[in-house]
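> Sharing model.csv here; it has CSV, C-alpha atoms.
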chain,number,residue,atom,x,y,z
A,1,MET,CA,18.4,178.1,99.5
A,2,GLN,CA,18.5,176.4,102.9
A,3,LEU,CA,20.7,173.3,102.4
A,4,THR,CA,20.5,170.1,104.4
A,5,VAL,CA,23.2,167.5,103.8
A,6,VAL,CA,22.2,163.9,104.5
A,7,ILE,CA,25.1,161.7,105.6
A,8,PRO,CA,24.6,158.0,106.2
A,9,THR,CA,27.1,156.5,108.6
A,10,TYR,CA,28.3,153.0,109.7
A,11,ASN,CA,31.6,152.9,111.5
A,12,GLU,CA,32.7,156.4,110.6
A,13,ALA,CA,33.8,157.6,114.0
A,14,GLU,CA,37.3,158.6,112.7
A,15,ASN,CA,35.8,160.5,109.7
A,16,LEU,CA,32.7,162.2,111.1
A,17,PRO,CA,34.2,164.9,113.4
A,18,LYS,CA,36.6,166.0,110.6
A,19,LEU,CA,33.9,166.0,108.0
A,20,VAL,CA,31.5,168.0,110.2
A,21,SER,CA,34.2,170.6,110.9
A,22,ALA,CA,35.0,170.9,107.2
A,23,LEU,CA,31.4,171.3,106.3
A,24,PHE,CA,30.6,174.0,108.8
A,25,ARG,CA,33.6,176.0,107.6
A,26,LEU,CA,32.0,176.3,104.2
A,27,PRO,CA,30.6,179.7,103.2
A,28,ILE,CA,27.0,178.4,103.1
A,29,PRO,CA,24.5,180.2,105.3
A,30,ASP,CA,21.9,178.1,107.0
A,31,LEU,CA,23.7,174.8,106.3
A,32,CYS,CA,22.3,171.9,108.3
A,33,LEU,CA,23.5,168.3,108.6
A,34,LEU,CA,21.5,165.2,109.1
A,35,VAL,CA,23.5,162.1,110.2
A,36,VAL,CA,21.7,158.7,109.8
A,37,ASP,CA,23.6,156.1,111.8
A,38,ASP,CA,23.0,152.4,111.6
A,39,ASN,CA,24.0,151.6,115.2
A,40,SER,CA,27.7,151.6,114.4
A,41,PRO,CA,29.6,149.4,116.8
A,42,ASP,CA,32.6,151.9,116.7
A,43,GLY,CA,30.5,154.6,118.5
A,44,THR,CA,29.7,156.8,115.5
A,45,GLY,CA,26.2,157.4,116.8
A,46,GLN,CA,27.5,158.7,120.1
A,47,MET,CA,30.1,160.8,118.4
A,48,ALA,CA,27.3,162.3,116.2
A,49,GLU,CA,25.3,163.2,119.4
A,50,THR,CA,28.4,165.0,120.8
A,51,LEU,CA,28.8,167.0,117.6
A,52,ALA,CA,25.1,167.8,117.7
A,53,LEU,CA,25.6,169.4,121.1
A,54,GLU,CA,28.4,171.5,119.7
A,55,HIS,CA,26.2,172.7,116.8
A,56,PRO,CA,22.8,173.1,118.3
A,57,GLY,CA,20.0,173.4,115.7
A,58,ARG,CA,22.4,172.7,112.9
A,59,LEU,CA,23.1,169.0,113.3
A,60,GLN,CA,20.5,166.3,113.7
A,61,VAL,CA,21.1,162.6,114.4
A,62,VAL,CA,18.9,159.7,113.4
A,63,HIS,CA,19.7,156.4,115.2
A,64,ARG,CA,18.5,153.2,113.5
A,65,ALA,CA,18.5,149.9,115.4
A,66,SER,CA,20.6,148.0,112.9
A,67,LYS,CA,22.5,148.1,109.6
A,68,GLN,CA,19.6,148.7,107.2
A,69,GLY,CA,21.4,149.8,104.1
A,70,LEU,CA,22.4,152.9,102.2
A,71,GLY,CA,19.1,153.3,100.3
A,72,ARG,CA,16.9,153.1,103.4
A,73,ALA,CA,19.2,155.6,105.1
A,74,TYR,CA,19.0,158.1,102.3
A,75,LEU,CA,15.2,157.8,102.0
A,76,GLN,CA,14.7,158.4,105.7
A,77,GLY,CA,17.1,161.3,105.6
A,78,PHE,CA,15.3,162.8,102.6
A,79,GLN,CA,12.0,162.6,104.3
A,80,MET,CA,13.2,164.2,107.5
A,81,ALA,CA,15.0,167.0,105.6
A,82,LEU,CA,11.8,167.8,103.7
A,83,ALA,CA,9.7,167.7,106.9
A,84,ASN,CA,12.2,170.1,108.4
A,85,GLY,CA,11.7,172.6,105.5
A,86,ALA,CA,14.9,172.1,103.6
A,87,GLU,CA,14.9,173.9,100.2
A,88,ALA,CA,17.9,171.9,98.9
A,89,ILE,CA,19.0,168.4,100.0
A,90,ALA,CA,22.5,167.0,99.4
A,91,GLN,CA,23.7,163.5,99.8
A,92,MET,CA,27.3,162.6,100.4
A,93,ASP,CA,29.5,159.9,102.0
A,94,ALA,CA,31.2,160.4,105.3
A,95,ASP,CA,34.6,159.1,104.2
A,96,PHE,CA,35.9,162.2,102.3
A,97,SER,CA,35.7,160.5,99.0
A,98,HIS,CA,33.3,163.4,98.1
A,99,PRO,CA,35.1,166.8,98.4
A,100,PRO,CA,33.2,168.9,100.9
A,101,GLU,CA,34.3,172.2,99.3
A,102,LYS,CA,32.4,171.2,96.1
A,103,LEU,CA,29.1,171.7,97.9
A,104,VAL,CA,29.4,175.4,97.3
A,105,GLU,CA,29.6,174.9,93.5
A,106,LEU,CA,26.8,172.3,93.5
A,107,LEU,CA,24.5,174.7,95.4
A,108,ALA,CA,25.3,177.5,92.9
A,109,ALA,CA,24.5,175.2,90.0
A,110,LEU,CA,21.2,174.2,91.6
A,111,GLU,CA,19.8,177.6,90.9
A,112,CYS,CA,19.4,176.6,87.2
A,113,CYS,CA,18.4,172.9,87.4
A,114,ASP,CA,16.6,170.3,89.5
A,115,VAL,CA,19.5,168.1,90.5
A,116,VAL,CA,23.3,168.5,90.4
A,117,LEU,CA,25.7,165.6,90.3
A,118,GLY,CA,29.3,165.6,91.5
A,119,SER,CA,30.7,163.6,88.5
A,120,ARG,CA,33.8,161.6,88.1
A,121,TYR,CA,33.1,161.0,84.4
A,122,VAL,CA,32.8,164.5,82.8
A,123,ALA,CA,35.7,166.6,81.7
A,124,GLY,CA,37.7,167.6,84.7
A,125,GLY,CA,36.5,164.8,86.8
A,126,SER,CA,38.7,161.9,88.0
A,127,VAL,CA,39.1,159.1,90.5
A,128,ASP,CA,41.9,158.4,92.9
A,129,GLU,CA,45.2,157.7,91.1
A,130,ARG,CA,46.0,155.1,93.8
A,131,TRP,CA,43.1,152.9,92.7
A,132,PRO,CA,44.3,149.6,91.1
A,133,LYS,CA,43.4,149.2,87.5
A,134,TRP,CA,40.7,146.5,88.2
A,135,ARG,CA,38.9,148.9,90.5
A,136,LYS,CA,39.0,151.7,88.0
A,137,TRP,CA,37.7,149.3,85.3
A,138,LEU,CA,34.9,148.0,87.6
A,139,SER,CA,33.7,151.5,88.4
A,140,ALA,CA,33.8,152.6,84.8
A,141,PHE,CA,32.1,149.5,83.6
A,142,GLY,CA,29.4,149.6,86.3
A,143,ASN,CA,28.5,153.1,85.3
A,144,PHE,CA,28.6,152.3,81.6
A,145,TYR,CA,26.4,149.3,82.2
A,146,ALA,CA,23.7,151.3,84.0
A,147,ARG,CA,23.8,154.2,81.6
A,148,THR,CA,23.5,152.0,78.5
A,149,ILE,CA,20.6,149.8,79.8
A,150,LEU,CA,18.6,152.7,81.2
A,151,LYS,CA,19.5,155.1,78.4
A,152,LEU,CA,20.6,157.8,80.9
A,153,ARG,CA,22.1,161.0,79.6
A,154,VAL,CA,24.2,161.7,82.7
A,155,ARG,CA,27.8,160.5,82.6
A,156,ASP,CA,28.0,159.4,86.3
A,157,ALA,CA,24.9,157.4,87.1
A,158,THR,CA,26.4,155.6,90.0
A,159,GLY,CA,28.0,158.4,92.0
A,160,GLY,CA,26.6,159.3,95.4
A,161,PHE,CA,27.5,163.0,95.6
A,162,ARG,CA,24.3,164.8,94.6
A,163,MET,CA,22.1,167.8,95.4
A,164,TRP,CA,18.4,168.0,94.9
A,165,ARG,CA,15.8,170.8,94.8
A,166,ARG,CA,13.1,170.2,97.2
A,167,ALA,CA,10.4,170.1,94.5
A,168,ALA,CA,12.4,167.3,92.7
A,169,LEU,CA,12.4,165.0,95.6
A,170,GLU,CA,8.8,165.8,96.4
A,171,GLY,CA,7.8,164.9,92.8
A,172,MET,CA,9.5,161.5,92.8
A,173,PRO,CA,7.8,158.3,94.0
A,174,LEU,CA,10.4,157.6,96.6
A,175,ASP,CA,8.0,155.1,98.2
A,176,ARG,CA,8.6,152.8,95.2
A,177,VAL,CA,12.4,152.8,95.5
A,178,ARG,CA,13.6,149.3,96.4
A,179,SER,CA,17.3,149.4,95.9
A,180,ASN,CA,19.2,149.4,99.2
A,181,GLY,CA,22.9,149.2,98.1
A,182,TYR,CA,24.8,151.3,95.6
A,183,ALA,CA,22.0,150.5,93.1
A,184,PHE,CA,20.0,153.2,95.0
A,185,GLN,CA,22.1,155.9,93.3
A,186,VAL,CA,21.2,154.4,89.8
A,187,GLU,CA,17.5,154.1,90.7
A,188,ILE,CA,17.0,157.7,91.8
A,189,ALA,CA,19.0,158.9,88.9
A,190,TYR,CA,16.7,156.9,86.6
A,191,LEU,CA,13.6,158.3,88.3
A,192,ALA,CA,14.8,161.8,87.8
A,193,HIS,CA,15.6,161.1,84.1
A,194,HIS,CA,12.3,159.3,83.6
A,195,LEU,CA,10.3,162.2,85.1
A,196,GLY,CA,12.1,164.8,83.0
A,197,TYR,CA,14.0,166.7,85.7
A,198,THR,CA,16.9,168.8,84.6
A,199,THR,CA,20.3,167.7,85.6
A,200,GLN,CA,23.8,169.3,85.6
A,201,GLU,CA,27.1,167.5,86.3
A,202,ILE,CA,30.0,169.2,88.1
A,203,PRO,CA,33.4,167.5,87.8
A,204,ILE,CA,34.9,166.2,91.0
A,205,TYR,CA,38.0,164.3,92.1
A,206,PHE,CA,36.8,161.1,93.8
A,207,ALA,CA,39.3,160.3,96.5
A,208,ASP,CA,39.8,157.0,98.2
A,209,ARG,CA,38.6,157.0,101.8
A,210,ARG,CA,41.1,158.4,104.3
A,211,TRP,CA,40.1,156.3,107.3
A,212,GLY,CA,38.1,153.2,107.9
A,213,GLN,CA,37.1,150.4,105.5
A,214,SER,CA,35.0,150.4,102.3
A,215,LYS,CA,31.4,149.1,102.5
A,216,MET,CA,31.5,147.7,98.9
A,217,SER,CA,30.9,144.0,98.6
A,218,LEU,CA,30.2,141.4,95.9
A,219,ARG,CA,26.6,141.2,97.1
A,220,ILE,CA,26.1,144.9,96.6
A,221,GLN,CA,27.6,144.7,93.1
A,222,LEU,CA,25.3,141.8,92.1
A,223,GLU,CA,22.3,143.7,93.5
A,224,ALA,CA,23.1,146.6,91.3
A,225,ALA,CA,23.6,144.5,88.2
A,226,ILE,CA,20.2,142.8,88.6
A,227,ARG,CA,18.2,145.9,89.8
A,228,VAL,CA,19.0,147.8,86.6
A,229,TRP,CA,16.9,145.4,84.6
A,230,GLN,CA,14.1,145.4,87.1
A,231,MET,CA,13.9,149.2,87.0
A,232,LEU,CA,13.0,149.1,83.3
A,233,ILE,CA,9.9,147.0,84.2
A,234,GLU,CA,8.9,148.6,87.4
A,235,TYR,CA,8.8,152.2,86.2
A,236,ARG,CA,7.2,151.6,82.8
A,237,ASP,CA,4.1,153.5,84.0
A,238,LEU,CA,6.0,156.7,84.9
A,239,THR,CA,6.2,159.6,82.4
A,240,ALA,CA,7.3,163.2,82.6
A,241,ASN,CA,3.6,164.0,82.7
A,242,LEU,CA,3.5,162.8,86.3
A,243,ARG,CA,5.9,165.5,87.4
A,244,PRO,CA,4.1,168.1,89.5
Kindly transcribe the structure held in the file into structure tokens.

Amino acid sequence: MQLTVVIPTYNEAENLPKLVSALFRLPIPDLCLLVVDDNSPDGTGQMAETLALEHPGRLQVVHRASKQGLGRAYLQGFQMALANGAEAIAQMDADFSHPPEKLVELLAALECCDVVLGSRYVAGGSVDERWPKWRKWLSAFGNFYARTILKLRVRDATGGFRMWRRAALEGMPLDRVRSNGYAFQVEIAYLAHHLGYTTQEIPIYFADRRWGQSKMSLRIQLEAAIRVWQMLIEYRDLTANLRP
């Protein structure tokens, strides 16, 4: 399957060249990258354009006028990847918290399901041992909170390292997705679950970012806590029968 990896960026000038190099070294034919940059003040957008010139036809850059959020970046990236004919679409962070080499395993698993998740919370998965206890607790609790309320079967509902079949994204009402922070990951996981798409989880080691600063904030965490309850109401009309 032709794979396009969607990578939202904001102030990732240190990480992006290293990540692009790592991704294009993978044994994945026809791999394409789509960088969605939110007008990063550190020059990430310009760096992405330079990299696009080095990889003609394989790296595309979307420049947005301002910082519009993770959810909007992914939705725009998904739409462009589909319009460009991608058969599989992956989503990942630019900070090396998601191991690039695992894309090979995710792509192989996608042959047998609709969506594959790089999971911290299945056997063999883990998070950075340098994380303080409060951060590990917050991550685990946030995931448990979302899974319990939405009755999700996946173990890692909040992770952002995923790969989708084209038909799965086409069959989801992405125009109804309102989450724009990390709750976006929960919302599209819930949509996939609600519509009956098959899911597989692949264990990953979730590393702390190597360069730059985390984008997580209290506002983003509060949005996620509230949005979970709103999803239950907003998607009551959806059933697996709506799947194409």
> Can you tell me which residues surround Lys136 (chain A) at a distance of at most 12 Å, considering all atoms listed in the file, apart from same-chain residues fewer than 4 positions away, and format the answer as an MDAnalysis selection string?
chainID A and resid 120:121 126:132 140:143 206 208
> Which of these residues is nearest to Asn39 (chain A), using all atoms listed in the file: A:Ser179, A:Leu26, A:Tyr10, A:Val61?
A:Tyr10
> When you count all atoms listed in the file, which of these residues is closest to Ala157 (chain A): A:Leu23, A:Ile188, A:Pro173, A:Leu138?
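The answer is A:Ile188, which sits nearest to Ala157 (chain A).
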> CA of Tyr145 (chain A) and CA of Ala183 (chain A) are how many Å apart?
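Taking CA of Tyr145 (chain A) as the start and CA of Ala183 (chain A) as the end point, the length is 11.8 Å.
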> Excluding region 68-75 of chain A and its own-chain neighbours fewer than 2 positions away, which residues fall within 7 Å of it when counting only C-alpha atoms? Please give them as a list in words.
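Selected residues are Val6, Pro8, Val36, Asp38, Ser66, Gly77, Phe78, Gln79, Ser179, Asn180, Gly181 and Phe184 of chain A.
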> Ranking A:Gly171, A:Gly196, A:Pro203, A:Pro56 by minimum distance to Arg155 (chain A) and counting all atoms listed in the file, which one comes first?
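Result for the nearest residue to Arg155 (chain A): A:Pro203.
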> Counting all atoms listed in the file, figure out which residue out of A:Asn11, A:Thr4, A:Gln230, A:Asn84 gets nearest to Glu187 (chain A).
A:Gln230
> Rebuild region 41-61 of chain A to N, CA and C atoms - output it as an mmCIF file, in the coordinates of the input, please.

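The result, written out as out.cif:
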data_model
loop_
_atom_site.group_PDB
_atom_site.id
_atom_site.type_symbol
_atom_site.label_atom_id
_atom_site.label_comp_id
_atom_site.auth_asym_id
_atom_site.auth_seq_id
_atom_site.Cartn_x
_atom_site.Cartn_y
_atom_site.Cartn_z
ATOM 1 N N PRO A 41 28.968 149.969 115.574
ATOM 2 C CA PRO A 41 29.600 149.400 116.800
ATOM 3 C C PRO A 41 30.859 150.222 117.201
ATOM 4 N N ASP A 42 31.385 151.114 116.351
ATOM 5 C CA ASP A 42 32.600 151.900 116.700
ATOM 6 C C ASP A 42 32.210 153.190 117.446
ATOM 7 N N GLY A 43 30.904 153.406 117.731
ATOM 8 C CA GLY A 43 30.500 154.600 118.500
ATOM 9 C C GLY A 43 30.223 155.829 117.633
ATOM 10 N N THR A 44 30.026 155.655 116.321
ATOM 11 C CA THR A 44 29.700 156.800 115.500
ATOM 12 C C THR A 44 28.491 157.544 115.915
ATOM 13 N N GLY A 45 27.456 156.800 116.321
ATOM 14 C CA GLY A 45 26.200 157.400 116.800
ATOM 15 C C GLY A 45 26.420 158.341 117.956
ATOM 16 N N GLN A 46 27.176 157.870 118.927
ATOM 17 C CA GLN A 46 27.500 158.700 120.100
ATOM 18 C C GLN A 46 28.302 159.898 119.750
ATOM 19 N N MET A 47 29.262 159.689 118.849
ATOM 20 C CA MET A 47 30.100 160.800 118.400
ATOM 21 C C MET A 47 29.206 161.861 117.708
ATOM 22 N N ALA A 48 28.236 161.408 116.908
ATOM 23 C CA ALA A 48 27.300 162.300 116.200
ATOM 24 C C ALA A 48 26.514 163.148 117.231
ATOM 25 N N GLU A 49 26.088 162.507 118.320
ATOM 26 C CA GLU A 49 25.300 163.200 119.400
ATOM 27 C C GLU A 49 26.192 164.289 120.024
ATOM 28 N N THR A 50 27.450 163.975 120.266
ATOM 29 C CA THR A 50 28.400 165.000 120.800
ATOM 30 C C THR A 50 28.525 166.159 119.905
ATOM 31 N N LEU A 51 28.660 165.878 118.616
ATOM 32 C CA LEU A 51 28.800 167.000 117.600
ATOM 33 C C LEU A 51 27.511 167.786 117.543
ATOM 34 N N ALA A 52 26.361 167.125 117.716
ATOM 35 C CA ALA A 52 25.100 167.800 117.700
ATOM 36 C C ALA A 52 25.005 168.841 118.836
ATOM 37 N N LEU A 53 25.546 168.477 119.988
ATOM 38 C CA LEU A 53 25.600 169.400 121.100
ATOM 39 C C LEU A 53 26.467 170.602 120.858
ATOM 40 N N GLU A 54 27.519 170.373 120.076
ATOM 41 C CA GLU A 54 28.400 171.500 119.700
ATOM 42 C C GLU A 54 27.860 172.392 118.679
ATOM 43 N N HIS A 55 26.871 171.880 117.909
ATOM 44 C CA HIS A 55 26.200 172.700 116.800
ATOM 45 C C HIS A 55 24.734 172.635 116.996
ATOM 46 N N PRO A 56 24.213 173.221 118.059
ATOM 47 C CA PRO A 56 22.800 173.100 118.300
ATOM 48 C C PRO A 56 21.930 173.722 117.204
ATOM 49 N N GLY A 57 20.914 172.959 116.793
ATOM 50 C CA GLY A 57 20.000 173.400 115.700
ATOM 51 C C GLY A 57 20.524 173.243 114.343
ATOM 52 N N ARG A 58 21.767 172.797 114.204
ATOM 53 C CA ARG A 58 22.400 172.700 112.900
ATOM 54 C C ARG A 58 22.734 171.234 112.520
ATOM 55 N N LEU A 59 22.769 170.368 113.507
ATOM 56 C CA LEU A 59 23.100 169.000 113.300
ATOM 57 C C LEU A 59 22.125 168.079 113.982
ATOM 58 N N GLN A 60 21.475 167.229 113.214
ATOM 59 C CA GLN A 60 20.500 166.300 113.700
ATOM 60 C C GLN A 60 20.957 164.877 113.517
ATOM 61 N N VAL A 61 20.666 164.004 114.460
ATOM 62 C CA VAL A 61 21.100 162.600 114.400
ATOM 63 C C VAL A 61 19.910 161.680 114.370
#
